[in-house]
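Undergrad: Once you've had a glance at the structure underneath, I'll fire off some questions.
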Amino acid sequence: MANEYVTLEELKVQFGVVPDDDVRDAELNRARASASRSIDKTTGRRFWLDPEPVQRAFNPRGRIVRETDGELFLVNDIGSADGLIVETGSGSSWSAVTGYETSPDNALAEGKPITGLLRVLGTWGTTTSRLRVTAQFGWPAVPDDIHEAALILASRLFKRKDSPEGIIGSAEWGGRNLSRKDPDVWNLIEPYIIPGF
């Protein structure tokens, strides 16, 4: 298990399980992994950071936005400027690109990712070129909202075994169907969904 947004210990506290009790660990780990990957799929992004810079090539077609102060190349979330390299070219011929700014302004300082690279008063080249970015992709840190959504969703998934066919019972309220989407989880993750995803 790796890159989950809630720890096993936090989930144990949620259910009042003592730290030494490992009887439910496999089920709890499965729930927290499923909750985290579900959030990734729903938002269209991931909130963990690559441990080292990785290289990705992009077709700029459909990723370039023309703005008044230059062309903005939309990239996957970049969570650190350390080791950031941008190149243009194709095949085995690549040239380093300089003279770009990260966007939005102050994103990393505010705990948000870089989502664009702006060529100030310039262009990113022809449509036959590719852009290659070496960076630590992901988010600088897991946002509090995502952590809380993962905790709620993992708890719900863990308890799902007690609600066969989506029906949960209560002495006070009787039986009722579980909703398809947890409104609290949805409210927490909705602002992080990539527009148009």
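In the structure tokens, the first chain shown is A, the next is B, and so on; residue numbers restart at 1 for each chain, and ligands run from 1 in the order shown.
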Please identify all polymer residues within 7 Å of Leu8 of chain A, counting only C-alpha atoms, omitting same-chain residues fewer than 3 positions from it, and present them as an mmCIF file with C-alpha atoms, in the first residue's frame.

TA:
data_model
loop_
_atom_site.group_PDB
_atom_site.id
_atom_site.type_symbol
_atom_site.label_atom_id
_atom_site.label_comp_id
_atom_site.auth_asym_id
_atom_site.auth_seq_id
_atom_site.Cartn_x
_atom_site.Cartn_y
_atom_site.Cartn_z
ATOM 1 C CA LEU A 11 -8.706 4.740 10.486
ATOM 2 C CA LYS A 12 -8.238 2.595 13.601
ATOM 3 C CA LEU A 28 -8.897 -1.354 6.776
ATOM 4 C CA ASN A 29 -5.962 -1.121 4.343
#

Undergrad: Sorted by chain and rising residue number, list the residues of segment 53-125 of chain A at most 12 Å from segment 141-162 of chain A (counting only C-alpha atoms), each with its closest atom pair and distance in Å to one decimal, as JSON lines.

TA:
{"residue": "A:Asp77", "atom": "CA", "partner": "A:Ala141", "partner_atom": "CA", "distance": 11.9}
{"residue": "A:Ile78", "atom": "CA", "partner": "A:Ala141", "partner_atom": "CA", "distance": 11.2}
{"residue": "A:Gly79", "atom": "CA", "partner": "A:Ala141", "partner_atom": "CA", "distance": 7.9}
{"residue": "A:Ser80", "atom": "CA", "partner": "A:Ala141", "partner_atom": "CA", "distance": 10.1}
{"residue": "A:Leu108", "atom": "CA", "partner": "A:Ala141", "partner_atom": "CA", "distance": 9.8}
{"residue": "A:Ala109", "atom": "CA", "partner": "A:Ala141", "partner_atom": "CA", "distance": 11.4}
{"residue": "A:Glu110", "atom": "CA", "partner": "A:Ala141", "partner_atom": "CA", "distance": 10.6}
{"residue": "A:Gly111", "atom": "CA", "partner": "A:Ala141", "partner_atom": "CA", "distance": 6.8}
{"residue": "A:Lys112", "atom": "CA", "partner": "A:Ala141", "partner_atom": "CA", "distance": 8.2}
{"residue": "A:Pro113", "atom": "CA", "partner": "A:Ala141", "partner_atom": "CA", "distance": 9.2}

Undergrad: Enumerate, as a VMD selection string, the complete set of residues in segment 10-195 of chain A that a backbone-based DSSP assignment places in helix (DSSP H, G or I).

TA: chain A and resid 10 to 14 25 to 43 108 to 110 144 to 162 164 to 166 183 to 192

Undergrad: Measure the distance from atom CA of Ala107 of chain A to atom CA of Ala35 of chain A in Å and round it to one decimal.

TA: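 Atom CA of Ala107 of chain A sits 26.2 Å away from atom CA of Ala35 of chain A.
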
Undergrad: Residues within 10 Å of Ser95 of chain A, please, as a ChimeraX atom specification. Count only C-alpha atoms; anything in the same chain fewer than 4 positions from it doesn't count.

TA: /A:86-90,131-132

Undergrad: Looking at only C-alpha atoms, which of A:Phe15, A:Phe47, A:Tyr5, A:Trp124 is the one that sits closest to Ile193 of chain A?

TA: A:Phe47

Undergrad: Could you pull the residues within 8 Å of Leu117 of chain A, counting only C-alpha atoms, minus those fewer than 5 positions along the same chain, as a list in words?

TA: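 Here the qualifying residues turn out to be Leu72, Phe73, Leu74, Val75, Tyr100, Glu101, Thr102 and Ser103 of chain A.
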
Undergrad: Suppose we keep C-alpha atoms; can you now write the selection as an mmCIF file, in the first residue's frame?

TA:
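The resulting part.cif:
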data_model
loop_
_atom_site.group_PDB
_atom_site.id
_atom_site.type_symbol
_atom_site.label_atom_id
_atom_site.label_comp_id
_atom_site.auth_asym_id
_atom_site.auth_seq_id
_atom_site.Cartn_x
_atom_site.Cartn_y
_atom_site.Cartn_z
ATOM 1 C CA LEU A 72 0.098 29.014 -21.534
ATOM 2 C CA PHE A 73 0.945 25.313 -21.814
ATOM 3 C CA LEU A 74 -1.394 23.306 -19.560
ATOM 4 C CA VAL A 75 0.449 20.518 -17.752
ATOM 5 C CA TYR A 100 8.811 30.529 -19.117
ATOM 6 C CA GLU A 101 6.983 31.179 -15.857
ATOM 7 C CA THR A 102 4.975 28.766 -13.769
ATOM 8 C CA SER A 103 1.246 29.296 -13.384
#
